[in-house]
>>> print(open('work03.txt').read())   # compact mmCIF, C-alpha atoms and all ligand atoms
# COMPACT_ATOMS: atom_id res chain seq x y z
CA MET V 7 -72.74 -30.02 -77.81
CA SER V 8 -74.30 -30.83 -74.44
CA LEU V 9 -73.83 -28.60 -71.40
CA TRP V 10 -71.78 -31.30 -69.66
CA HIS V 11 -69.48 -31.60 -72.62
CA SER V 12 -68.75 -27.88 -72.59
CA VAL V 13 -68.17 -28.06 -68.82
CA PHE V 14 -65.75 -30.93 -69.43
CA GLU V 15 -63.89 -28.87 -72.01
CA GLN V 16 -63.33 -26.06 -69.51
CA VAL V 17 -61.29 -28.33 -67.24
CA GLU V 18 -57.72 -27.52 -68.18
CA PRO V 19 -55.97 -30.75 -67.16
CA LEU V 20 -58.39 -32.72 -69.32
CA GLU V 21 -57.19 -31.06 -72.51
CA GLY V 22 -56.53 -33.74 -75.10
CA ILE V 23 -58.85 -36.28 -73.43
CA THR V 24 -61.70 -37.28 -75.68
CA LEU V 25 -65.00 -38.57 -74.39
CA ASP V 26 -67.87 -40.13 -76.32
CA THR V 27 -70.11 -37.09 -76.89
CA GLY V 28 -73.25 -39.20 -77.34
CA LEU V 29 -72.60 -40.94 -74.05
CA VAL V 30 -71.92 -37.68 -72.23
CA SER V 31 -75.25 -36.17 -73.33
CA GLN V 32 -77.02 -39.42 -72.48
CA MET V 33 -75.44 -39.35 -69.01
CA GLU V 34 -76.47 -35.73 -68.56
CA GLN V 35 -80.09 -36.53 -69.36
CA ARG V 36 -80.22 -39.62 -67.22
CA PHE V 37 -78.39 -38.16 -64.23
CA THR V 38 -80.50 -35.01 -64.24
CA GLY V 39 -83.65 -37.08 -63.76
CA MET V 40 -82.22 -39.23 -60.99
CA THR V 41 -83.30 -39.13 -57.39
CA GLY V 42 -81.91 -41.23 -54.57
CA GLU V 43 -80.20 -40.93 -51.26
CA LYS V 44 -76.74 -41.38 -52.77
CA VAL V 45 -77.09 -39.25 -55.86
CA GLY V 46 -75.10 -36.00 -55.97
CA ARG V 47 -72.26 -36.39 -53.47
CA VAL V 48 -68.71 -37.46 -54.25
CA ASN V 49 -65.76 -38.04 -51.95
CA PHE V 50 -62.29 -38.13 -53.48
CA TYR V 51 -59.66 -40.20 -51.73
CA THR V 52 -56.46 -38.50 -52.69
CA PRO V 53 -53.15 -37.67 -51.11
CA THR V 54 -52.97 -34.60 -53.39
CA PHE V 55 -54.73 -32.32 -50.92
CA LYS V 56 -52.23 -32.67 -48.15
CA ALA V 57 -52.60 -28.95 -47.55
CA TYR V 58 -56.04 -29.70 -46.14
CA ALA V 59 -54.99 -32.65 -44.13
CA THR V 60 -55.20 -32.80 -40.41
CA SER V 61 -54.80 -36.09 -38.66
CA GLU V 62 -56.15 -38.08 -41.61
CA ILE V 63 -52.99 -37.85 -43.64
CA ALA V 64 -50.83 -38.73 -40.68
CA GLY V 65 -52.57 -42.08 -40.47
CA CYS V 66 -52.20 -42.67 -44.16
CA GLY V 67 -49.83 -45.36 -45.21
CA LYS V 68 -49.37 -49.02 -45.58
CA SER V 69 -49.91 -49.73 -41.93
CA ALA V 70 -53.36 -48.15 -41.54
CA TRP V 71 -55.17 -51.00 -43.27
CA PRO V 72 -52.69 -53.78 -43.97
CA ALA V 73 -53.67 -56.72 -46.16
CA VAL V 74 -53.00 -60.13 -44.65
CA SER V 75 -53.11 -63.47 -46.48
CA ILE V 76 -53.67 -66.76 -44.69
CA THR V 77 -52.04 -68.64 -47.56
CA GLY V 78 -49.16 -66.26 -48.19
CA GLY V 79 -48.73 -66.06 -51.96
CA GLU V 80 -50.38 -69.40 -52.71
CA CYS V 81 -53.64 -69.85 -54.58
CA LYS V 82 -54.93 -72.97 -56.30
CA LEU V 83 -57.24 -71.18 -58.71
CA GLN V 84 -54.63 -69.22 -60.67
CA CYS V 85 -57.19 -67.04 -62.44
CA ASP V 86 -56.02 -65.64 -65.76
CA HIS V 87 -56.12 -61.98 -64.67
CA CYS V 88 -54.21 -62.49 -61.44
CA LYS V 89 -52.21 -65.73 -61.17
CA ALA V 90 -52.12 -65.12 -57.40
CA LYS V 91 -49.95 -62.02 -57.88
CA ILE V 92 -52.37 -59.91 -55.84
CA LEU V 93 -51.41 -61.97 -52.78
CA GLU V 94 -47.65 -61.62 -53.12
CA PRO V 95 -47.17 -58.24 -51.40
CA MET V 96 -49.52 -59.11 -48.54
CA ILE V 97 -48.40 -59.99 -45.04
CA PRO V 98 -48.50 -63.78 -44.67
CA ALA V 99 -50.23 -65.37 -41.66
CA ARG V 100 -50.19 -69.05 -42.46
CA SER V 101 -51.45 -70.22 -39.07
CA PRO V 102 -53.86 -68.83 -36.46
CA GLU V 103 -50.86 -68.19 -34.16
CA ASP V 104 -49.17 -66.18 -36.92
CA LEU V 105 -52.36 -64.19 -37.44
CA TRP V 106 -52.54 -63.30 -33.75
CA ALA V 107 -48.90 -62.20 -33.81
CA VAL V 108 -49.30 -60.20 -37.05
CA VAL V 109 -52.36 -58.36 -35.75
CA ASN V 110 -50.67 -57.46 -32.46
CA GLU V 111 -47.67 -56.18 -34.35
CA GLN V 112 -49.81 -54.17 -36.78
CA ILE V 113 -51.89 -52.62 -34.02
CA ALA V 114 -48.71 -51.61 -32.23
CA GLY V 115 -47.65 -49.94 -35.51
CA GLY V 116 -50.90 -47.94 -35.70
CA ALA V 117 -53.16 -50.14 -37.84
CA GLN V 118 -56.87 -49.38 -37.56
CA GLY V 119 -58.04 -52.50 -39.29
CA MET V 120 -57.05 -55.09 -41.85
CA LEU V 121 -58.14 -56.77 -45.00
CA LEU V 122 -57.97 -60.51 -44.37
CA THR V 123 -57.82 -62.76 -47.39
CA GLY V 124 -56.06 -65.75 -48.87
CA GLY V 125 -55.75 -67.86 -51.97
CA SER V 126 -58.68 -70.02 -53.02
CA ASN V 127 -59.06 -73.77 -53.26
CA HIS V 128 -60.36 -75.25 -56.53
CA ARG V 129 -63.94 -74.37 -55.54
CA ASN V 130 -63.17 -70.66 -55.00
CA GLU V 131 -63.36 -70.99 -51.24
CA VAL V 132 -60.78 -69.56 -48.88
CA GLU V 133 -60.35 -72.07 -46.07
CA TYR V 134 -60.70 -69.93 -42.93
CA ASP V 135 -62.00 -72.77 -40.72
CA ASN V 136 -59.04 -72.85 -38.33
CA TYR V 137 -58.99 -69.07 -38.03
CA TYR V 138 -62.46 -68.18 -36.74
CA SER V 139 -61.60 -68.61 -33.05
CA THR V 140 -58.51 -66.42 -33.48
CA ILE V 141 -60.55 -63.77 -35.29
CA ARG V 142 -62.99 -63.86 -32.35
CA ARG V 143 -60.07 -63.49 -29.95
CA ILE V 144 -58.79 -60.48 -31.93
CA LYS V 145 -62.19 -58.79 -31.91
CA ASP V 146 -62.63 -59.45 -28.17
CA ALA V 147 -59.20 -58.07 -27.36
CA PHE V 148 -59.33 -55.13 -29.81
CA PRO V 149 -62.98 -54.30 -30.54
CA GLU V 150 -62.03 -51.07 -32.34
CA PHE V 151 -59.82 -52.93 -34.81
CA LYS V 152 -61.91 -53.48 -37.94
CA ILE V 153 -61.68 -56.63 -40.01
CA ALA V 154 -62.76 -56.82 -43.63
CA LEU V 155 -62.80 -60.35 -44.93
CA HIS V 156 -62.56 -61.41 -48.54
CA THR V 157 -65.07 -64.22 -48.23
CA ALA V 158 -64.92 -65.87 -51.67
CA LEU V 159 -67.83 -68.35 -52.06
CA VAL V 160 -69.63 -69.46 -48.91
CA ASP V 161 -72.68 -71.40 -47.74
CA MET V 162 -74.99 -70.23 -44.96
CA ASP V 163 -73.10 -72.15 -42.31
CA ILE V 164 -69.80 -70.44 -43.19
CA ALA V 165 -71.47 -67.01 -43.44
CA ARG V 166 -72.71 -67.50 -39.85
CA LYS V 167 -69.25 -68.53 -38.67
CA MET V 168 -67.85 -65.34 -40.18
CA GLU V 169 -70.52 -63.27 -38.46
CA ASP V 170 -70.01 -65.05 -35.11
CA SER V 171 -66.28 -64.47 -35.25
CA GLY V 172 -66.94 -60.70 -35.29
CA ILE V 173 -66.00 -59.83 -38.88
CA ASP V 174 -67.02 -56.23 -39.60
CA ALA V 175 -67.28 -56.32 -43.37
CA ALA V 176 -67.58 -59.12 -45.90
CA MET V 177 -66.23 -58.55 -49.39
CA MET V 178 -66.63 -60.74 -52.47
CA ASP V 179 -66.42 -60.42 -56.23
CA VAL V 180 -69.74 -60.95 -57.96
CA ILE V 181 -69.31 -62.56 -61.38
CA GLY V 182 -72.33 -62.54 -63.65
CA SER V 183 -71.13 -64.64 -66.59
CA GLN V 184 -70.80 -68.41 -66.66
CA ASP V 185 -68.21 -68.17 -69.45
CA THR V 186 -66.06 -65.87 -67.30
CA ILE V 187 -66.34 -68.21 -64.32
CA GLN V 188 -65.19 -71.15 -66.43
CA GLN V 189 -62.65 -69.53 -68.72
CA VAL V 190 -61.01 -66.84 -66.56
CA TYR V 191 -61.42 -68.47 -63.13
CA HIS V 192 -61.16 -72.11 -64.34
CA LEU V 193 -63.97 -72.81 -61.96
CA LYS V 194 -66.74 -75.39 -61.99
CA ARG V 195 -69.27 -73.26 -60.12
CA GLY V 196 -72.34 -71.43 -61.37
CA VAL V 197 -73.37 -67.76 -61.40
CA ASP V 198 -75.98 -68.95 -58.93
CA ASP V 199 -73.27 -69.78 -56.38
CA PHE V 200 -72.17 -66.14 -56.44
CA GLU V 201 -75.74 -64.94 -55.98
CA LYS V 202 -76.35 -67.39 -53.12
CA THR V 203 -73.14 -66.27 -51.42
CA LEU V 204 -74.31 -62.67 -51.55
CA GLU V 205 -77.74 -63.68 -50.28
CA TYR V 206 -76.24 -65.55 -47.30
CA LEU V 207 -73.86 -62.73 -46.43
CA VAL V 208 -76.53 -60.00 -46.46
CA SER V 209 -78.68 -62.13 -44.16
CA THR V 210 -76.03 -61.70 -41.43
CA ASN V 211 -75.20 -58.58 -39.42
CA MET V 212 -71.95 -58.00 -41.29
CA LYS V 213 -71.59 -55.07 -43.63
CA VAL V 214 -71.46 -56.54 -47.10
CA VAL V 215 -69.47 -54.84 -49.84
CA PRO V 216 -69.48 -56.77 -53.12
CA HIS V 217 -67.06 -55.83 -55.87
CA ILE V 218 -67.60 -55.96 -59.61
CA VAL V 219 -64.42 -56.28 -61.66
CA ILE V 220 -65.22 -54.50 -64.92
CA GLY V 221 -63.68 -56.10 -68.00
CA LEU V 222 -63.01 -59.40 -66.28
CA HIS V 223 -63.61 -61.38 -69.47
CA TYR V 224 -60.20 -60.70 -71.03
CA GLY V 225 -60.90 -56.97 -70.99
CA ARG V 226 -64.41 -57.27 -72.42
CA LEU V 227 -67.60 -56.54 -70.52
CA LEU V 228 -69.77 -59.62 -70.39
CA GLY V 229 -71.38 -60.51 -67.06
CA GLU V 230 -71.22 -57.05 -65.44
CA TRP V 231 -74.88 -56.15 -66.00
CA ASN V 232 -76.00 -59.51 -64.66
CA ALA V 233 -73.77 -58.96 -61.62
CA LEU V 234 -75.51 -55.61 -61.17
CA ASP V 235 -78.94 -57.30 -61.28
CA ILE V 236 -77.77 -59.80 -58.66
CA ILE V 237 -76.55 -57.00 -56.40
CA LYS V 238 -79.78 -55.07 -56.90
CA ARG V 239 -81.75 -58.06 -55.67
CA HIS V 240 -79.82 -58.31 -52.39
CA LYS V 241 -79.12 -54.69 -51.38
CA PRO V 242 -75.65 -54.77 -49.83
CA THR V 243 -74.15 -51.96 -47.74
CA ALA V 244 -72.01 -50.52 -50.56
CA VAL V 245 -70.61 -51.61 -53.91
CA VAL V 246 -67.05 -51.23 -55.15
CA LEU V 247 -66.33 -51.11 -58.88
CA VAL V 248 -62.82 -51.76 -60.13
CA VAL V 249 -61.55 -51.99 -63.69
CA VAL V 250 -59.40 -54.96 -64.60
CA MET V 251 -55.65 -54.40 -64.63
CA PRO V 252 -54.33 -57.39 -66.47
CA PHE V 253 -50.69 -56.96 -65.55
CA TYR V 254 -50.25 -60.63 -64.88
CA ALA V 255 -52.28 -62.11 -67.72
CA PRO V 256 -50.50 -64.96 -69.45
CA GLU V 257 -49.31 -64.28 -73.00
CA ALA V 258 -51.50 -67.03 -74.37
CA ARG V 259 -54.60 -65.41 -72.87
CA PRO V 260 -54.04 -61.67 -73.12
CA PHE V 261 -56.39 -59.02 -71.76
CA ILE V 262 -57.24 -55.86 -73.65
CA THR V 263 -57.78 -52.54 -71.87
CA PRO V 264 -61.56 -52.28 -71.48
CA ASP V 265 -63.30 -49.82 -73.78
CA THR V 266 -63.65 -46.72 -71.60
CA ALA V 267 -67.03 -45.65 -73.04
CA GLU V 268 -68.37 -49.12 -72.31
CA VAL V 269 -67.11 -48.74 -68.74
CA GLY V 270 -68.85 -45.33 -68.60
CA ARG V 271 -72.11 -46.89 -69.81
CA PHE V 272 -71.84 -49.42 -67.04
CA PHE V 273 -71.23 -46.68 -64.45
CA ILE V 274 -74.41 -44.79 -65.32
CA ASP V 275 -76.43 -48.02 -65.42
CA ALA V 276 -75.04 -48.94 -61.99
CA ARG V 277 -75.90 -45.51 -60.59
CA GLU V 278 -79.42 -45.76 -61.94
CA ALA V 279 -79.86 -49.29 -60.62
CA LEU V 280 -78.56 -48.47 -57.14
CA PRO V 281 -79.54 -44.87 -56.31
CA ASP V 282 -79.59 -45.51 -52.56
CA ILE V 283 -76.39 -47.52 -52.19
CA PRO V 284 -72.89 -45.98 -52.01
CA LEU V 285 -71.01 -46.75 -55.22
CA LEU V 286 -67.24 -46.51 -55.03
CA LEU V 287 -64.54 -46.65 -57.68
CA GLY V 288 -61.59 -48.54 -56.21
CA CYS V 289 -57.91 -47.91 -56.80
CA ALA V 290 -57.50 -50.69 -59.34
CA ARG V 291 -57.97 -49.39 -62.88
CA PRO V 292 -55.86 -48.80 -65.99
CA THR V 293 -53.45 -45.89 -65.96
CA GLY V 294 -52.81 -42.85 -68.20
CA ARG V 295 -55.33 -41.67 -70.74
CA ALA V 296 -57.74 -44.54 -70.13
CA LYS V 297 -57.77 -43.64 -66.44
CA ALA V 298 -58.59 -39.98 -67.16
CA GLU V 299 -61.48 -41.08 -69.41
CA ILE V 300 -62.78 -43.67 -66.94
CA ASP V 301 -62.57 -41.20 -64.05
CA SER V 302 -64.41 -38.51 -66.03
CA TYR V 303 -67.25 -40.92 -66.71
CA ALA V 304 -67.25 -41.97 -63.05
CA VAL V 305 -67.65 -38.35 -61.93
CA MET V 306 -70.38 -37.72 -64.49
CA ALA V 307 -72.24 -40.91 -63.57
CA GLY V 308 -72.29 -39.79 -59.95
CA LEU V 309 -70.18 -42.42 -58.22
CA ASN V 310 -69.88 -41.57 -54.51
CA GLY V 311 -66.27 -42.38 -53.84
CA ILE V 312 -63.30 -42.22 -56.19
CA ALA V 313 -59.91 -43.40 -54.99
CA HIS V 314 -56.87 -41.67 -56.49
CA PRO V 315 -58.69 -39.50 -59.04
CA SER V 316 -56.90 -38.31 -62.17
CA ASP V 317 -55.93 -34.67 -62.37
CA GLY V 318 -58.91 -32.41 -62.98
CA MET V 319 -61.58 -34.66 -61.46
CA VAL V 320 -62.19 -32.53 -58.40
CA GLU V 321 -62.64 -29.52 -60.65
CA LEU V 322 -64.95 -31.44 -62.98
CA ALA V 323 -67.15 -32.53 -60.07
CA ALA V 324 -67.21 -29.00 -58.67
CA ARG V 325 -68.16 -27.56 -62.07
CA LEU V 326 -70.94 -30.16 -62.35
CA GLU V 327 -72.20 -28.79 -59.02
CA ARG V 328 -71.72 -31.97 -57.06
CA GLU V 329 -71.22 -31.85 -53.32
CA VAL V 330 -67.49 -32.43 -53.27
CA ARG V 331 -65.63 -33.89 -50.31
CA ILE V 332 -62.00 -34.77 -49.95
CA THR V 333 -60.38 -37.39 -47.81
CA PRO V 334 -56.66 -36.63 -48.01
CA ALA V 335 -55.67 -40.26 -48.07
CA CYS V 336 -54.14 -43.10 -49.97
CA CYS V 337 -55.88 -46.27 -51.10
CA SER V 338 -55.53 -47.95 -47.76
CA ILE V 339 -57.79 -45.33 -46.21
CA ALA V 340 -60.19 -45.70 -49.12
CA ILE V 341 -60.30 -49.40 -48.29
CA GLY V 342 -61.01 -48.41 -44.72
CA ASP V 343 -63.99 -46.43 -45.92
CA GLU V 344 -65.18 -49.35 -48.01
CA VAL V 345 -65.08 -51.42 -44.86
CA MET V 346 -67.03 -48.79 -43.02
CA ALA V 347 -69.13 -48.47 -46.17
CA ILE V 348 -69.13 -44.71 -45.79
CA GLU V 349 -71.21 -45.10 -42.70
CA THR V 350 -70.86 -41.53 -41.59
CA GLU V 351 -72.56 -38.99 -43.76
CA ASP V 352 -69.80 -36.49 -43.02
CA ALA V 353 -67.00 -38.72 -44.33
CA GLY V 354 -64.29 -36.57 -45.84
CA LEU V 355 -63.79 -32.83 -45.60
CA GLN V 356 -66.18 -30.53 -47.32
CA ILE V 357 -64.24 -27.82 -49.08
CA ASP V 358 -65.22 -24.76 -51.05
CA PRO V 359 -65.06 -25.87 -54.72
CA GLN V 360 -63.45 -22.60 -55.78
CA ARG V 361 -60.60 -23.15 -53.33
CA ILE V 362 -60.18 -26.68 -54.62
CA ILE V 363 -59.87 -25.42 -58.19
CA GLU V 364 -57.35 -22.76 -57.17
CA LEU V 365 -55.35 -25.28 -55.19
CA GLU V 366 -55.32 -27.74 -58.11
CA ARG V 367 -54.19 -24.97 -60.46
CA SER V 368 -51.35 -23.83 -58.23
CA ARG V 369 -50.27 -27.42 -57.70
CA ARG V 370 -50.08 -27.97 -61.44
CA VAL V 371 -48.11 -24.80 -61.98
CA LYS V 372 -45.64 -25.86 -59.33
CA ALA V 373 -45.44 -29.41 -60.64
CA SER V 374 -44.97 -28.31 -64.23
CA GLY V 375 -41.40 -27.15 -63.80
CA GLY V 376 -39.94 -23.65 -63.93
CA SER V 377 -38.55 -22.29 -60.73
CA PHE V 378 -41.01 -24.37 -58.70
CA GLY V 379 -40.20 -27.61 -60.45
CA GLY V 380 -39.58 -30.54 -58.21
CA ILE V 381 -40.66 -28.84 -55.01
CA LYS V 382 -42.86 -31.20 -53.08
CA VAL V 383 -45.68 -28.99 -51.94
CA VAL V 384 -48.90 -30.88 -52.27
CA THR V 385 -47.90 -33.74 -54.51
CA ALA V 386 -48.72 -37.35 -53.79
CA GLY V 387 -45.31 -38.03 -52.25
CA ALA V 388 -46.04 -39.47 -48.82
CA PRO V 389 -48.63 -42.12 -49.54
CA ALA V 390 -47.14 -43.17 -52.88
CA SER V 391 -43.80 -43.83 -51.29
CA GLY V 392 -45.66 -45.53 -48.46
CA GLY V 393 -46.56 -48.29 -50.85
CA CYS V 394 -50.09 -47.33 -51.87
CA CYS V 395 -51.35 -47.91 -55.34
CA SER V 396 -51.27 -44.77 -57.41
S1 LIG V 401 -58.66 -66.67 -56.68
FE1 LIG V 401 -58.12 -64.57 -56.17
S2 LIG V 401 -55.95 -64.64 -55.53
FE2 LIG V 401 -56.40 -66.57 -56.59
S3 LIG V 401 -55.72 -66.16 -58.70
FE3 LIG V 401 -57.94 -65.76 -58.60
S4 LIG V 401 -58.11 -63.53 -58.19
FE4 LIG V 401 -55.97 -64.15 -57.72
>>> encode(input="work03.txt", output="structure tokens")
Amino acid sequence: MSLWHSVFEQVEPLEGITLDTGLVSQMEQRFTGMTGEKVGRVNFYTPTFKAYATSEIAGCGKSAWPAVSITGGECKLQCDHCKAKILEPMIPARSPEDLWAVVNEQIAGGAQGMLLTGGSNHRNEVEYDNYYSTIRRIKDAFPEFKIALHTALVDMDIARKMEDSGIDAAMMDVIGSQDTIQQVYHLKRGVDDFEKTLEYLVSTNMKVVPHIVIGLHYGRLLGEWNALDIIKRHKPTAVVLVVVMPFYAPEARPFITPDTAEVGRFFIDAREALPDIPLLLGCARPTGRAKAEIDSYAVMAGLNGIAHPSDGMVELAARLEREVRITPACCSIAIGDEVMAIETEDAGLQIDPQRIIELERSRRVKASGGSFGGIKVVTAGAPASGGCCS
């Protein structure tokens, strides 16, 4: 048994979780030989450590980084894994005037920034044309208010318009398989269009944070490694990995839960390919056992940011001697950090690992029932009820 596997087995909350032993020892060997600016540090975005929170947790909630859709819940593409459902809970701003009003309202409510997106047309473009002057107006009036834009596919001209309007961060999904583009997205565009979009975006001054949706091909991994090669060629500011959550897949085209060891293999390949770029695991991923397995592999592979980690992850990272930081926050703050692309090296609070382990232990004891059962001490209450993913 490898050293990492025995470390894993010491983490109490991971009892009953089984990892691929061959993969764990392979990860250990590969990680040990890795060098790179971003290798070795992990920041957990979690509301669990409220006890450590100062002002960060106070700002945590739906309003810190609201998501706004310029098409409301409408999307022409109707991809098989989403069917536009991701847009439904967002704040609609169907005209530039609405956007101006929404932003003013959100800033008054304490928002620090927003994710601006919308449904796609049949070419996987979000039609922002009428909005650029309003975005410019927002940035001129509120320069501190950060805007992350889901760009979808763009040409150079559109990328420049986005930059000129003052967008802080450009986000896009990179898809590396033609079959996935055609079958899941119903799209007549090529992998090349995704690469060109990334190329155009990184040539601007915007921070660029591409996402890879792992398991996008009906739960199977297909174009992920090609997407990684594309990203490697264009060196964005940070990369966000998410694992497909096919809640809205149509019955006729079901998604399976991605094989967690396969996801783990992809994590270590991504780490190796991008040792100098922050790699973050976003909130979206399967729940339960699969989540605990995926998160364990993410910690072992050395991802730099993990939103809403499963129980035991902080302890696992500490036992693997990583530099552990905590941002006591919900997903919306994690999105904020994606936008900022972890630009400050001191993001998160550095905490003594031993204290973290003790705190996790006492939290579990209290949460497990007995006389402490039900007492909300350091559980995820505030942000979860605030509407964050969890
Ligand atoms: S283009 Fe985006 S919003 Fe529209 S269905 Fe596909 S993933 Fe959902």
>>> closest_atom_pairs(input="work03.txt", of="stretch 179-204 of chain V", to="stretch 117-141 of chain V", cutoff="10 Å", atoms="only C-alpha atoms", output="Markdown table")
| residue | atom | partner | partner_atom | distance |
| --- | --- | --- | --- | --- |
| V:Tyr191 | CA | V:Asn130 | CA | 8.6 |
| V:His192 | CA | V:His128 | CA | 8.5 |
| V:Leu193 | CA | V:Arg129 | CA | 6.6 |
| V:Lys194 | CA | V:Arg129 | CA | 7.1 |
| V:Arg195 | CA | V:Arg129 | CA | 7.1 |
>>> residues_near_ligand(input="work03.txt", ligand="ligand LIG 401 (chain V)", cutoff="7 Å", atoms="only C-alpha atoms and all ligand atoms", output="PyMOL selection string")
chain V and resi 81-85+87-93+124-126+130+191
>>> write_last_selection(input="work03.txt", atoms="C-alpha atoms", output="PDB file, keeping the file's coordinate frame")
ATOM      1  CA  CYS V  81     -53.640 -69.850 -54.580  1.00  0.00           C
ATOM      2  CA  LYS V  82     -54.930 -72.970 -56.300  1.00  0.00           C
ATOM      3  CA  LEU V  83     -57.240 -71.180 -58.710  1.00  0.00           C
ATOM      4  CA  GLN V  84     -54.630 -69.220 -60.670  1.00  0.00           C
ATOM      5  CA  CYS V  85     -57.190 -67.040 -62.440  1.00  0.00           C
ATOM      6  CA  HIS V  87     -56.120 -61.980 -64.670  1.00  0.00           C
ATOM      7  CA  CYS V  88     -54.210 -62.490 -61.440  1.00  0.00           C
ATOM      8  CA  LYS V  89     -52.210 -65.730 -61.170  1.00  0.00           C
ATOM      9  CA  ALA V  90     -52.120 -65.120 -57.400  1.00  0.00           C
ATOM     10  CA  LYS V  91     -49.950 -62.020 -57.880  1.00  0.00           C
ATOM     11  CA  ILE V  92     -52.370 -59.910 -55.840  1.00  0.00           C
ATOM     12  CA  LEU V  93     -51.410 -61.970 -52.780  1.00  0.00           C
ATOM     13  CA  GLY V 124     -56.060 -65.750 -48.870  1.00  0.00           C
ATOM     14  CA  GLY V 125     -55.750 -67.860 -51.970  1.00  0.00           C
ATOM     15  CA  SER V 126     -58.680 -70.020 -53.020  1.00  0.00           C
ATOM     16  CA  ASN V 130     -63.170 -70.660 -55.000  1.00  0.00           C
ATOM     17  CA  TYR V 191     -61.420 -68.470 -63.130  1.00  0.00           C
TER      18      TYR V 191
END
>>> closest_residue(input="work03.txt", among="V:Met162, V:Val190, V:Ile274, V:Ile237", to="V:Leu207", atoms="only C-alpha atoms")
V:Met162
>>> atom_distance(input="work03.txt", atom1="atom CA of V:Ile97", atom2="atom CA of V:Gly78")
7.1 Å
>>> atom_distance(input="work03.txt", atom1="atom CA of V:Val269", atom2="atom CA of V:Gly311")
16.2 Å
>>> atom_distance(input="work03.txt", atom1="atom CA of V:Ala276", atom2="atom CA of V:Asn232")
10.9 Å
>>> closest_residue(input="work03.txt", among="V:Leu159, V:Ala307, V:Ile76, V:Leu25", to="V:Ala279", atoms="only C-alpha atoms")
V:Ala307
>>> closest_residue(input="work03.txt", among="V:Ala267, V:Leu29, V:Met168, V:Val214", to="V:Leu227", atoms="only C-alpha atoms")
V:Ala267
>>> closest_residue(input="work03.txt", among="V:Gly270, V:Gly308, V:Pro264, V:Gly116", to="V:Pro292", atoms="all atoms listed in the file")
V:Pro264
>>> residues_around(input="work03.txt", residues="V:Gly225", least_positions_apart="2", cutoff="9 Å", atoms="only C-alpha atoms", output="PyMOL selection string")
chain V and resi 220-223+227+249-252+260-265
>>> residues_around(input="work03.txt", residues="V:Thr27", least_positions_apart="4", cutoff="12 Å", atoms="only C-alpha atoms", output="list in words")
Met7, Ser8, Leu9, Trp10, His11, Ser12, Phe14, Glu15, Ile23, Ser31, Gln32, Met33, Glu34, Ala267, Gly270 and Tyr303 of chain V
>>> closest_residue(input="work03.txt", among="V:Val219, V:Gln360, V:Phe273, V:Asp282", to="V:Glu327", atoms="only C-alpha atoms")
V:Gln360
>>> closest_residue(input="work03.txt", among="V:Val108, V:Ala298, V:Val305, V:Ala290", to="V:Val248", atoms="only C-alpha atoms")
V:Ala290
>>> residues_around(input="work03.txt", residues="V:Ile181", least_positions_apart="3", cutoff="8 Å", atoms="only C-alpha atoms", output="MDAnalysis selection string")
chainID V and resid 186:187 197 200 218:219 229:230 233
>>> axis_aligned_box(input="work03.txt", around="stretch 281-299 of chain V", padding_each_side="6 Å", output="AutoDock Vina command-line options")
--center_x -66.2 --center_y -45.3 --center_z -61.4 --size_x 38.8 --size_y 22.7 --size_z 30.7
